[in-house]
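Visitor: This is the content of start.txt (compact mmCIF, C-alpha atoms and all ligand atoms):
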# COMPACT_ATOMS: atom_id res chain seq x y z
CA MET B 1 0.00 0.00 0.00
CA LYS B 2 2.83 2.44 0.89
CA ARG B 3 4.60 1.76 -2.38
CA TRP B 4 1.36 2.39 -4.30
CA LYS B 5 1.01 5.76 -2.54
CA ARG B 6 4.59 6.72 -3.36
CA TRP B 7 4.06 5.97 -7.07
CA ALA B 8 0.81 7.88 -7.10
CA ALA B 9 2.52 10.88 -5.50
CA LEU B 10 5.35 10.77 -8.04
CA LEU B 11 2.88 10.57 -10.91
CA LEU B 12 0.90 13.49 -9.52
CA CYS B 13 4.09 15.59 -9.22
CA ALA B 14 5.07 14.75 -12.78
CA LEU B 15 1.65 15.74 -14.08
CA LEU B 16 1.82 19.04 -12.19
CA LEU B 17 5.33 19.80 -13.44
CA VAL B 18 4.67 19.19 -17.15
CA PRO B 19 2.64 22.37 -17.70
CA LEU B 20 5.11 24.41 -15.62
CA TRP B 21 7.99 23.11 -17.71
CA SER B 22 6.22 23.88 -21.02
CA ALA B 23 5.34 27.40 -19.80
CA ALA B 24 9.00 28.00 -18.91
CA ALA B 25 10.08 26.76 -22.34
CA ALA B 26 7.58 29.10 -24.02
CA GLU B 27 8.89 32.10 -22.09
CA SER B 28 12.46 31.78 -23.29
CA PRO B 29 12.42 31.65 -27.08
CA LYS B 30 15.63 31.27 -28.99
CA VAL B 31 16.99 34.51 -30.40
CA TRP B 32 19.05 34.68 -33.57
CA ARG B 33 21.62 37.45 -34.15
CA GLY B 34 21.96 39.05 -37.56
CA ILE B 35 23.37 41.90 -39.62
CA ASP B 36 21.85 43.61 -42.64
CA VAL B 37 24.06 44.88 -45.42
CA SER B 38 23.98 46.70 -48.74
CA ARG B 39 26.61 48.26 -50.98
CA TRP B 40 27.17 50.88 -48.24
CA GLN B 41 28.89 48.15 -46.17
CA GLY B 42 31.48 47.48 -48.89
CA THR B 43 33.00 44.02 -49.13
CA VAL B 44 31.98 41.63 -46.37
CA ASP B 45 34.27 38.89 -45.01
CA TRP B 46 31.51 36.35 -44.36
CA ALA B 47 33.89 33.83 -42.72
CA LYS B 48 34.67 36.51 -40.14
CA ALA B 49 30.97 37.32 -39.75
CA LYS B 50 30.27 33.64 -39.09
CA LYS B 51 33.06 33.42 -36.52
CA ALA B 52 31.73 36.55 -34.81
CA GLY B 53 28.42 34.79 -34.16
CA VAL B 54 26.27 36.13 -36.98
CA ASP B 55 23.33 33.69 -37.28
CA PHE B 56 21.63 35.33 -40.27
CA ALA B 57 21.93 38.22 -42.71
CA VAL B 58 19.45 40.33 -44.63
CA LEU B 59 20.93 41.47 -47.94
CA ARG B 60 19.78 44.56 -49.83
CA CYS B 61 18.80 43.30 -53.27
CA PHE B 62 17.15 46.31 -54.86
CA ALA B 63 17.02 50.08 -54.33
CA TYR B 64 15.99 51.81 -57.54
CA ARG B 65 18.37 49.35 -59.22
CA LYS B 66 19.84 45.99 -58.25
CA ASP B 67 22.29 46.36 -55.37
CA THR B 68 25.81 45.88 -56.76
CA THR B 69 26.89 43.76 -53.79
CA PHE B 70 23.84 41.46 -53.62
CA ASP B 71 25.18 38.56 -55.68
CA ALA B 72 28.57 38.58 -53.91
CA ASN B 73 26.95 38.85 -50.47
CA TYR B 74 24.53 36.02 -51.29
CA ALA B 75 27.36 33.77 -52.50
CA GLY B 76 29.61 34.67 -49.54
CA ALA B 77 27.00 34.28 -46.80
CA THR B 78 25.50 31.04 -48.09
CA ALA B 79 28.99 29.56 -48.59
CA GLN B 80 29.46 30.02 -44.84
CA GLY B 81 26.08 28.45 -44.13
CA ILE B 82 24.64 31.78 -42.93
CA PRO B 83 20.87 31.86 -43.66
CA VAL B 84 19.84 34.94 -45.63
CA GLY B 85 16.82 37.05 -46.48
CA ALA B 86 16.61 40.05 -48.80
CA ASP B 87 15.22 43.56 -48.66
CA VAL B 88 14.02 45.95 -51.31
CA TYR B 89 14.16 49.69 -50.58
CA MET B 90 10.85 51.16 -51.68
CA TYR B 91 10.74 54.27 -53.87
CA ALA B 92 7.52 53.64 -55.81
CA THR B 93 5.02 56.51 -55.85
CA THR B 94 2.46 55.13 -58.33
CA GLU B 95 0.62 51.83 -58.81
CA GLN B 96 2.57 51.15 -61.99
CA GLY B 97 5.82 52.09 -60.26
CA ALA B 98 5.05 49.60 -57.49
CA VAL B 99 4.46 46.82 -60.03
CA GLN B 100 7.74 47.62 -61.80
CA GLU B 101 9.72 47.85 -58.54
CA ALA B 102 8.33 44.49 -57.39
CA GLN B 103 9.01 42.75 -60.67
CA ALA B 104 12.55 44.14 -60.94
CA THR B 105 13.14 42.90 -57.39
CA LEU B 106 11.99 39.40 -58.35
CA ASP B 107 14.39 39.51 -61.32
CA ALA B 108 17.23 40.56 -59.00
CA ILE B 109 16.77 37.63 -56.61
CA ALA B 110 15.66 34.95 -59.09
CA GLY B 111 17.25 31.54 -58.62
CA LYS B 112 18.51 32.26 -55.10
CA PRO B 113 16.77 30.23 -52.38
CA MET B 114 16.50 32.11 -49.08
CA THR B 115 15.58 31.26 -45.51
CA LEU B 116 14.26 34.58 -44.20
CA PRO B 117 11.51 36.60 -45.90
CA LEU B 118 11.74 39.12 -48.66
CA PHE B 119 11.30 42.40 -46.76
CA LEU B 120 9.76 45.53 -48.24
CA ASP B 121 11.88 48.33 -46.76
CA VAL B 122 9.63 51.35 -46.21
CA GLU B 123 11.56 54.25 -44.74
CA ASP B 124 12.44 56.73 -47.45
CA SER B 125 11.37 60.33 -46.85
CA SER B 126 10.27 60.74 -50.49
CA ILE B 127 7.30 58.37 -50.00
CA LYS B 128 6.10 59.89 -46.71
CA THR B 129 4.11 62.48 -48.64
CA LEU B 130 1.93 59.92 -50.44
CA GLY B 131 -0.55 59.80 -47.56
CA ARG B 132 -1.44 56.81 -45.44
CA SER B 133 -3.88 55.12 -47.76
CA LYS B 134 -1.89 55.56 -50.98
CA LEU B 135 1.39 54.38 -49.41
CA THR B 136 -0.41 51.37 -47.93
CA ASP B 137 -2.00 50.60 -51.34
CA LEU B 138 1.41 50.65 -53.03
CA MET B 139 2.94 48.47 -50.30
CA LEU B 140 0.11 45.95 -50.67
CA ILE B 141 0.63 45.84 -54.45
CA GLU B 142 4.29 44.95 -54.01
CA LEU B 143 3.61 42.48 -51.19
CA ALA B 144 0.91 40.78 -53.29
CA ILE B 145 3.33 40.33 -56.19
CA PHE B 146 6.01 38.91 -53.88
CA ALA B 147 3.49 36.56 -52.26
CA ALA B 148 2.24 35.36 -55.66
CA ALA B 149 5.83 34.48 -56.56
CA GLY B 150 5.97 32.25 -53.47
CA TYR B 151 8.07 34.39 -51.12
CA PRO B 152 7.39 34.71 -47.41
CA ILE B 153 7.17 38.48 -46.95
CA GLY B 154 7.80 41.07 -44.29
CA ILE B 155 7.94 44.82 -43.83
CA TYR B 156 10.99 46.75 -42.61
CA THR B 157 10.31 50.13 -41.06
CA SER B 158 10.24 51.91 -37.70
CA GLN B 159 7.33 52.14 -35.27
CA SER B 160 7.10 55.91 -35.78
CA TYR B 161 6.97 55.50 -39.57
CA VAL B 162 4.12 53.00 -39.16
CA SER B 163 2.10 55.25 -36.90
CA SER B 164 2.68 58.39 -38.99
CA PHE B 165 2.50 57.20 -42.59
CA MET B 166 0.87 53.76 -42.91
CA ASP B 167 -2.56 52.23 -42.34
CA ALA B 168 -1.38 49.44 -40.04
CA SER B 169 -4.87 47.89 -39.83
CA ARG B 170 -4.44 46.77 -43.46
CA LEU B 171 -0.96 45.36 -42.86
CA GLN B 172 -1.65 42.85 -40.11
CA ASN B 173 -0.87 39.70 -42.07
CA TYR B 174 2.83 40.42 -42.46
CA ASP B 175 5.94 39.88 -40.40
CA TRP B 176 7.44 43.11 -39.11
CA TRP B 177 11.12 43.91 -38.95
CA LEU B 178 11.25 47.05 -36.86
CA ALA B 179 14.05 49.51 -36.23
CA ARG B 180 14.19 50.82 -32.69
CA TRP B 181 17.72 51.86 -32.01
CA THR B 182 18.72 51.64 -28.39
CA CYS B 183 22.41 51.73 -29.36
CA TYR B 184 23.04 54.70 -31.62
CA ARG B 185 26.25 55.03 -33.51
CA THR B 186 26.06 58.79 -33.14
CA ASP B 187 26.02 59.00 -29.36
CA ALA B 188 28.28 61.49 -27.62
CA ASN B 189 31.34 59.26 -27.92
CA ASN B 190 30.50 57.87 -31.39
CA LYS B 191 30.75 54.46 -29.71
CA LEU B 192 30.39 51.27 -31.73
CA PHE B 193 28.41 48.36 -30.37
CA SER B 194 28.14 44.58 -30.38
CA PHE B 195 25.29 42.13 -29.82
CA SER B 196 26.22 41.92 -26.14
CA ASP B 197 25.41 45.63 -25.67
CA GLU B 198 21.68 44.95 -25.77
CA SER B 199 19.80 42.11 -24.16
CA PRO B 200 17.61 40.18 -26.63
CA ALA B 201 14.95 40.02 -23.92
CA SER B 202 14.98 43.80 -23.44
CA ALA B 203 11.71 45.46 -22.55
CA LYS B 204 12.56 48.00 -25.27
CA LYS B 205 11.94 45.42 -27.98
CA PRO B 206 9.05 46.47 -30.25
CA ASP B 207 6.37 43.92 -31.12
CA CYS B 208 7.97 42.29 -34.16
CA ALA B 209 9.59 39.21 -35.69
CA VAL B 210 12.93 40.94 -36.12
CA TRP B 211 14.24 43.88 -34.09
CA GLN B 212 16.97 46.15 -35.46
CA PHE B 213 18.32 47.50 -32.18
CA SER B 214 21.38 49.35 -33.43
CA ASN B 215 22.74 51.16 -36.46
CA GLY B 216 26.14 51.22 -34.80
CA GLY B 217 27.58 47.72 -34.70
CA ARG B 218 31.37 47.72 -34.99
CA GLY B 219 31.84 46.85 -38.68
CA SER B 220 35.33 45.40 -38.30
CA ALA B 221 34.13 43.00 -35.58
CA TYR B 222 31.64 41.44 -38.02
CA GLY B 223 33.79 41.35 -41.16
CA VAL B 224 32.05 44.36 -42.66
CA GLY B 225 34.00 46.91 -44.75
CA SER B 226 32.21 49.99 -43.38
CA THR B 227 32.79 51.51 -39.92
CA ALA B 228 29.30 50.60 -38.71
CA VAL B 229 26.75 47.90 -39.40
CA ASP B 230 23.12 47.38 -38.34
CA LEU B 231 22.54 44.76 -35.62
CA ASN B 232 19.36 42.70 -35.31
CA PHE B 233 17.72 40.10 -33.12
CA CYS B 234 15.33 37.67 -34.79
CA TYR B 235 12.63 36.13 -32.59
CA LYS B 236 10.81 34.06 -35.18
CA ASP B 237 12.09 30.67 -36.21
CA TYR B 238 12.57 30.99 -39.95
CA PHE B 239 15.51 28.62 -39.62
CA SER B 240 14.31 25.14 -38.65
CA ALA B 241 12.53 24.65 -41.98
CA GLY B 242 15.64 25.50 -44.02
CA PRO B 243 15.66 27.52 -47.27
CA TYR B 244 12.41 27.81 -49.24
CA THR B 245 12.15 27.85 -53.01
CA PRO B 246 9.79 30.32 -54.67
CA ASN B 247 7.46 29.05 -57.41
CA GLU B 248 8.21 29.27 -61.13
CA HIS B 249 5.25 31.40 -62.21
CA ARG B 250 6.12 34.74 -63.76
CA TYR B 251 3.09 37.00 -63.68
CA ASN B 252 2.24 39.90 -65.92
CA VAL B 253 0.32 42.32 -63.75
CA THR B 254 -2.48 44.69 -64.70
CA VAL B 255 -3.60 47.18 -62.04
CA HIS B 256 -7.34 47.89 -61.77
CA PRO B 257 -7.60 50.90 -59.44
CA ALA B 258 -10.55 51.17 -57.07
CA ASP B 259 -13.59 53.25 -58.05
CA CYS B 260 -16.65 54.29 -56.08
CA VAL B 261 -18.06 50.76 -55.82
CA ASN B 262 -15.29 48.33 -56.86
CA PRO B 263 -12.16 47.48 -54.84
CA GLY B 264 -8.76 47.93 -56.50
CA TYR B 265 -7.19 44.69 -57.64
CA LEU B 266 -4.33 43.19 -59.58
CA ALA B 267 -5.14 40.88 -62.46
CA MET B 268 -2.15 38.56 -62.79
CA GLN B 269 -1.43 36.09 -65.55
CA CYS B 270 1.59 33.80 -65.69
CA SER B 271 3.54 34.19 -68.92
CA HIS B 272 4.71 30.57 -68.68
CA CYS B 273 1.56 28.57 -67.95
CA GLY B 274 -1.25 31.08 -68.37
CA GLN B 275 -2.50 30.72 -64.77
CA GLN B 276 -4.64 33.70 -63.74
CA ILE B 277 -4.99 35.07 -60.23
CA THR B 278 -6.60 38.15 -58.72
CA LYS B 279 -5.28 39.99 -55.67
CA PHE B 280 -7.28 42.75 -54.03
CA TYR B 281 -5.17 45.56 -52.60
CA THR B 282 -7.52 48.39 -51.67
CA PRO B 283 -11.21 48.77 -50.76
CA ALA B 284 -13.76 50.61 -52.92
CA LEU B 285 -13.63 54.39 -52.51
CA GLY B 286 -17.34 54.99 -51.87
CA HIS B 287 -19.28 57.84 -53.44
CA THR B 288 -18.45 61.48 -52.76
CA ALA B 289 -20.90 63.75 -50.96
CA PRO B 290 -23.75 64.71 -53.35
CA GLY B 291 -23.24 67.78 -55.52
CA ALA B 292 -25.91 70.43 -56.12
CA ASP B 293 -27.69 68.12 -58.59
CA GLY B 294 -27.54 65.20 -56.14
CA THR B 295 -24.92 63.23 -58.07
CA CYS B 296 -21.57 61.71 -56.99
CA GLY B 297 -18.67 63.97 -57.96
CA ARG B 298 -16.62 60.98 -59.10
CA CYS B 299 -18.95 58.68 -61.02
CA GLY B 300 -21.95 60.95 -61.67
CA LEU B 301 -24.56 58.57 -60.24
CA GLN B 302 -27.74 60.02 -58.77
CA LEU B 303 -27.14 59.42 -55.07
CA THR B 304 -30.83 59.14 -54.16
CA ASP B 305 -30.84 56.01 -56.36
CA VAL B 306 -27.79 54.83 -54.42
CA GLN B 307 -29.42 55.49 -51.05
CA ASN B 308 -32.65 53.79 -52.07
CA GLY B 309 -30.76 50.71 -53.24
CA ASN B 310 -31.98 51.18 -56.81
CA LEU B 311 -28.61 50.61 -58.43
CA CYS B 312 -27.56 47.42 -60.11
CA PRO B 313 -24.35 46.10 -58.51
CA LEU B 314 -23.05 44.98 -61.93
CA CYS B 315 -23.57 47.94 -64.24
CA GLY B 316 -24.36 50.64 -61.65
CA GLN B 317 -27.52 51.82 -63.43
CA ALA B 318 -30.96 52.22 -61.93
CA HIS B 319 -33.03 49.65 -63.83
CA ARG B 320 -36.67 50.79 -63.82
CA GLY B 321 -40.00 49.24 -64.80
CA PRO B 322 -40.97 45.56 -65.27
CA LEU B 323 -38.18 44.98 -67.83
CA GLY B 324 -35.79 46.68 -65.42
CA ILE B 325 -36.57 44.14 -62.67
CA LEU B 326 -35.74 41.31 -65.08
CA THR B 327 -32.51 43.03 -66.20
CA LEU B 328 -31.51 43.54 -62.56
CA PHE B 329 -32.08 39.84 -61.83
CA VAL B 330 -29.92 38.79 -64.82
CA HIS B 331 -27.18 41.26 -63.86
CA ARG B 332 -27.10 40.02 -60.25
CA LEU B 333 -26.77 36.47 -61.54
CA LEU B 334 -23.90 37.47 -63.87
CA LEU B 335 -22.16 39.25 -61.00
CA TRP B 336 -22.49 36.22 -58.75
CA LEU B 337 -20.96 34.03 -61.49
CA LYS B 338 -18.11 36.55 -62.03
CA ARG B 339 -17.27 36.66 -58.31
CA SER B 340 -17.34 32.86 -58.06
CA VAL B 341 -14.81 32.64 -60.91
CA ILE B 342 -12.47 35.19 -59.30
ZN ZN V 401 2.98 29.64 -64.44
ZN ZN V 402 -19.50 57.64 -57.14
ZN ZN V 403 -27.31 46.21 -64.45
How does this structure look as structure tokens?
Ligand SMILES: [Zn+2]
Ligand SMILES: [Zn+2]
Ligand SMILES: [Zn+2]
Guide:
Amino acid sequence: MKRWKRWAALLLCALLLVPLWSAAAAESPKVWRGIDVSRWQGTVDWAKAKKAGVDFAVLRCFAYRKDTTFDANYAGATAQGIPVGADVYMYATTEQGAVQEAQATLDAIAGKPMTLPLFLDVEDSSIKTLGRSKLTDLMLIELAIFAAAGYPIGIYTSQSYVSSFMDASRLQNYDWWLARWTCYRTDANNKLFSFSDESPASAKKPDCAVWQFSNGGRGSAYGVGSTAVDLNFCYKDYFSAGPYTPNEHRYNVTVHPADCVNPGYLAMQCSHCGQQITKFYTPALGHTAPGADGTCGRCGLQLTDVQNGNLCPLCGQAHRGPLGILTLFVHRLLLWLKRSVI
């Protein structure tokens, strides 16, 4: 009887400890240390970076043109077994510009498997003036094109840039790589930093997958040609799964901007296999306030018809009379079929 009690007590203890142990494991995630580089960092000695404890690197692949160091950095880092991701520095100010920037980026990185996402780098002052909704539209166009090509995607920026210039509510499905510098290169002593200067578990970490905590890592310590290098902690495990391979579709993209009643979308068709996909990137604009004649300033519809629900959702006209009711029915059916196909 005593022995039975002892075993029961042990079992009970074990059962009580299991959840405690799992909770403790969940509270201390692994943190990966990484640098991000572009042509401004000059030539990188990736063997030295590896020895210095660099777990990953994000390589600038495109900024108005292909980054001149991208291919060499990709070859050097992967030869050392350092997992890489890429970032594209956004300059696009129009829908068409966003399509071109995204497609040129895909050309720049084609044939190079990566482990971390393709990050859209949104920080330039020239695109701040676009306004929240336009900038967010253009970001979503580029992100949709990257996603269609099979890349995991993320957004690089700072928390203040998000809150001042983006509509974050429309960007919730993406991984964030956020700059919040707690170690500035340009402090009073122009000090240079290392990963040990900031705790990965710091309360100053923004809510993100990757945190860029310094722009002032000591370049020479990490094999980087420039004086300073950006330092990052990654909190999301992109690494266990190993490198991903994007798909082989190559889409031609036509932008259909939003109007009063239709959302903006991209019609994409693969030039290899003909596959067609549609990606919505912005909601319908809605009608303007009625003008003196009661019509919408953008599309010219009589807004009393709109308010009374008299407008056909397919052609936007007010179908009247017995024939009109039939036409409306047929148009609703056509619309339903069209939406099912998309
Ligand atoms: Zn295809
Ligand atoms: Zn309208
Ligand atoms: Zn109609």
Visitor: Check the smallest atom-to-atom distance from each of B:Tyr251, B:Tyr91, B:Tyr64, B:Tyr156 to ligand ZN 401 (chain V) using all atoms listed in the file, then report the winner.
Guide: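 Between B:Tyr251, B:Tyr91, B:Tyr64, B:Tyr156, the residue approaching ligand ZN 401 (chain V) most closely is B:Tyr251.
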Visitor: Set the cut-off to 8 Å, count all atoms listed in the file, and list whatever residues fall near ligand ZN 402 (chain V) as a list in words.
Guide: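 With all atoms listed in the file and a cut-off of 8 Å, ligand ZN 402 (chain V) is contacted by Asp259, Cys260, Val261, Gly286, His287, Thr288, Thr295, Cys296, Gly297, Arg298, Cys299, Gly300 and Leu301 of chain B.
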Visitor: Pick out the closest residue to B:Ala144 from this set: B:Asn308, B:Asn73, B:Ser226, B:Gln103. Count all atoms listed in the file.
Guide: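 Counting all atoms listed in the file, the residue closest to B:Ala144 is B:Gln103.
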Visitor: What is the atom CA of B:Phe165 to atom CA of B:Arg132 distance in Å?
Guide: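 So the answer is 4.9 Å.
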Visitor: Please measure the separation of atom CA of B:Ala98 and atom CA of B:Leu314, giving the value in Å to one decimal.
Guide: 28.8 Å
Visitor: If I put a ball of radius 8 Å at (22.6, 48.0, -51.7) in the file's coordinates, which residues poke into it when counting all atoms listed in the file, written as a count of residues only?
Guide: 14
Visitor: From (17.6, 48.5, -30.1), in the file's coordinates, out to 6 Å: which residues are reached, counting all atoms listed in the file? Answer as a CSV table (one decimal) with C-alpha atoms, in the coordinates of the input.
Guide:
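Output below, filename result_7.csv:
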chain,number,residue,atom,x,y,z
B,180,ARG,CA,14.2,50.8,-32.7
B,181,TRP,CA,17.7,51.9,-32.0
B,182,THR,CA,18.7,51.6,-28.4
B,183,CYS,CA,22.4,51.7,-29.4
B,212,GLN,CA,17.0,46.2,-35.5
B,213,PHE,CA,18.3,47.5,-32.2
B,214,SER,CA,21.4,49.4,-33.4
Visitor: Calculated over all atoms listed in the file, which of the candidates B:Thr282, B:Asn262, B:Gln275, B:Gln317 has the smallest distance to ligand ZN 401 (chain V)?
Guide: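 So, comparing all the options, the nearest one is B:Gln275.
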Visitor: Neighbours of B:Thr115 within 8 Å (all atoms listed in the file; same-chain residues fewer than 6 positions away dropped), as a list in words?
Guide: Pro83, Val84, Gly85, Tyr238, Phe239, Gly242, Pro243 and Tyr244 of chain B
Visitor: Can you pull out the residues contacting B:Gln276? Cut-off 9 Å, using all atoms listed in the file, and skip same-chain residues under 4 positions away; I want them as a PDB file with C-alpha atoms, in the frame of the given file.
Guide:
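File written: around32.pdb
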ATOM      1  CA  TYR B 251       3.090  37.000 -63.680  1.00  0.00           C
ATOM      2  CA  ALA B 267      -5.140  40.880 -62.460  1.00  0.00           C
ATOM      3  CA  MET B 268      -2.150  38.560 -62.790  1.00  0.00           C
ATOM      4  CA  GLN B 269      -1.430  36.090 -65.550  1.00  0.00           C
ATOM      5  CA  CYS B 270       1.590  33.800 -65.690  1.00  0.00           C
TER       6      CYS B 270
END
Visitor: Could you state the separation of atom CA of B:Asn310 and atom CA of B:Ser340 in Å, given to one decimal place?
Guide: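 Answer for the atom CA of B:Asn310 to atom CA of B:Ser340 separation: 23.5 Å.
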Visitor: Kindly work out which residues sit at most 7 Å from ligand ZN 401 (chain V), using all atoms listed in the file, and give the list as an MDAnalysis selection string.
Guide: chainID B and resid 248:250 270:275
Visitor: Distance limit 7 Å, reference ligand ZN 403 (chain V), atoms considered: only C-alpha atoms and all ligand atoms. Which residues make the cut? Give them as a list in words.
Guide: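 So, counting only C-alpha atoms and all ligand atoms, the residues near ligand ZN 403 (chain V) are Cys312, Pro313, Leu314, Cys315, Gly316, Gln317, His319, Thr327, Leu328 and His331 of chain B.
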Visitor: Since the input has fewer atoms than a full residue there, write stretch 162-170 of chain B out with all heavy atoms, as a short mmCIF file (atom, residue, chain, number, x, y, z; two decimals), in the coordinates of the input.
Guide:
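File produced: part-v2.cif:
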data_model
loop_
_atom_site.label_atom_id
_atom_site.label_comp_id
_atom_site.auth_asym_id
_atom_site.auth_seq_id
_atom_site.Cartn_x
_atom_site.Cartn_y
_atom_site.Cartn_z
N VAL B 162 5.41 53.69 -39.08
CA VAL B 162 4.12 53.00 -39.16
C VAL B 162 3.01 53.92 -38.68
O VAL B 162 2.01 54.15 -39.36
CB VAL B 162 4.08 51.71 -38.31
CG1 VAL B 162 2.72 51.04 -38.40
CG2 VAL B 162 5.17 50.74 -38.72
N SER B 163 3.21 54.49 -37.48
CA SER B 163 2.10 55.25 -36.90
C SER B 163 1.87 56.58 -37.62
O SER B 163 0.76 57.10 -37.60
CB SER B 163 2.29 55.45 -35.40
OG SER B 163 3.61 55.81 -35.12
N SER B 164 2.87 57.11 -38.31
CA SER B 164 2.68 58.39 -38.99
C SER B 164 2.24 58.25 -40.44
O SER B 164 1.54 59.12 -40.96
CB SER B 164 3.98 59.19 -38.97
OG SER B 164 4.47 59.34 -37.68
N PHE B 165 2.66 57.20 -41.13
CA PHE B 165 2.50 57.20 -42.59
C PHE B 165 1.79 55.98 -43.17
O PHE B 165 1.57 55.92 -44.37
CB PHE B 165 3.87 57.35 -43.26
CG PHE B 165 4.66 58.51 -42.76
CD1 PHE B 165 5.83 58.33 -42.04
CD2 PHE B 165 4.21 59.81 -42.98
CE1 PHE B 165 6.54 59.41 -41.56
CE2 PHE B 165 4.91 60.89 -42.51
CZ PHE B 165 6.09 60.70 -41.79
N MET B 166 1.50 54.96 -42.35
CA MET B 166 0.87 53.76 -42.91
C MET B 166 -0.50 53.51 -42.26
O MET B 166 -0.77 54.00 -41.17
CB MET B 166 1.72 52.51 -42.61
CG MET B 166 3.06 52.50 -43.29
SD MET B 166 3.95 50.99 -42.81
CE MET B 166 5.60 51.44 -43.32
N ASP B 167 -1.32 52.70 -42.94
CA ASP B 167 -2.56 52.23 -42.34
C ASP B 167 -2.30 50.80 -41.84
O ASP B 167 -2.47 49.83 -42.56
CB ASP B 167 -3.67 52.24 -43.40
CG ASP B 167 -5.01 51.81 -42.84
OD1 ASP B 167 -5.05 51.35 -41.67
OD2 ASP B 167 -6.02 51.94 -43.54
N ALA B 168 -1.85 50.72 -40.58
CA ALA B 168 -1.38 49.44 -40.04
C ALA B 168 -2.50 48.40 -40.00
O ALA B 168 -2.24 47.20 -40.06
CB ALA B 168 -0.80 49.64 -38.65
N SER B 169 -3.76 48.85 -39.92
CA SER B 169 -4.87 47.89 -39.83
C SER B 169 -4.96 47.04 -41.09
O SER B 169 -5.51 45.95 -41.07
CB SER B 169 -6.19 48.63 -39.60
OG SER B 169 -6.53 49.39 -40.75
N ARG B 170 -4.40 47.54 -42.20
CA ARG B 170 -4.44 46.77 -43.46
C ARG B 170 -3.16 45.96 -43.66
O ARG B 170 -2.99 45.34 -44.70
CB ARG B 170 -4.66 47.72 -44.64
CG ARG B 170 -6.02 48.44 -44.59
CD ARG B 170 -6.08 49.56 -45.60
NE ARG B 170 -5.86 49.07 -46.96
CZ ARG B 170 -5.46 49.84 -47.97
NH1 ARG B 170 -5.22 51.12 -47.77
NH2 ARG B 170 -5.27 49.32 -49.17
#
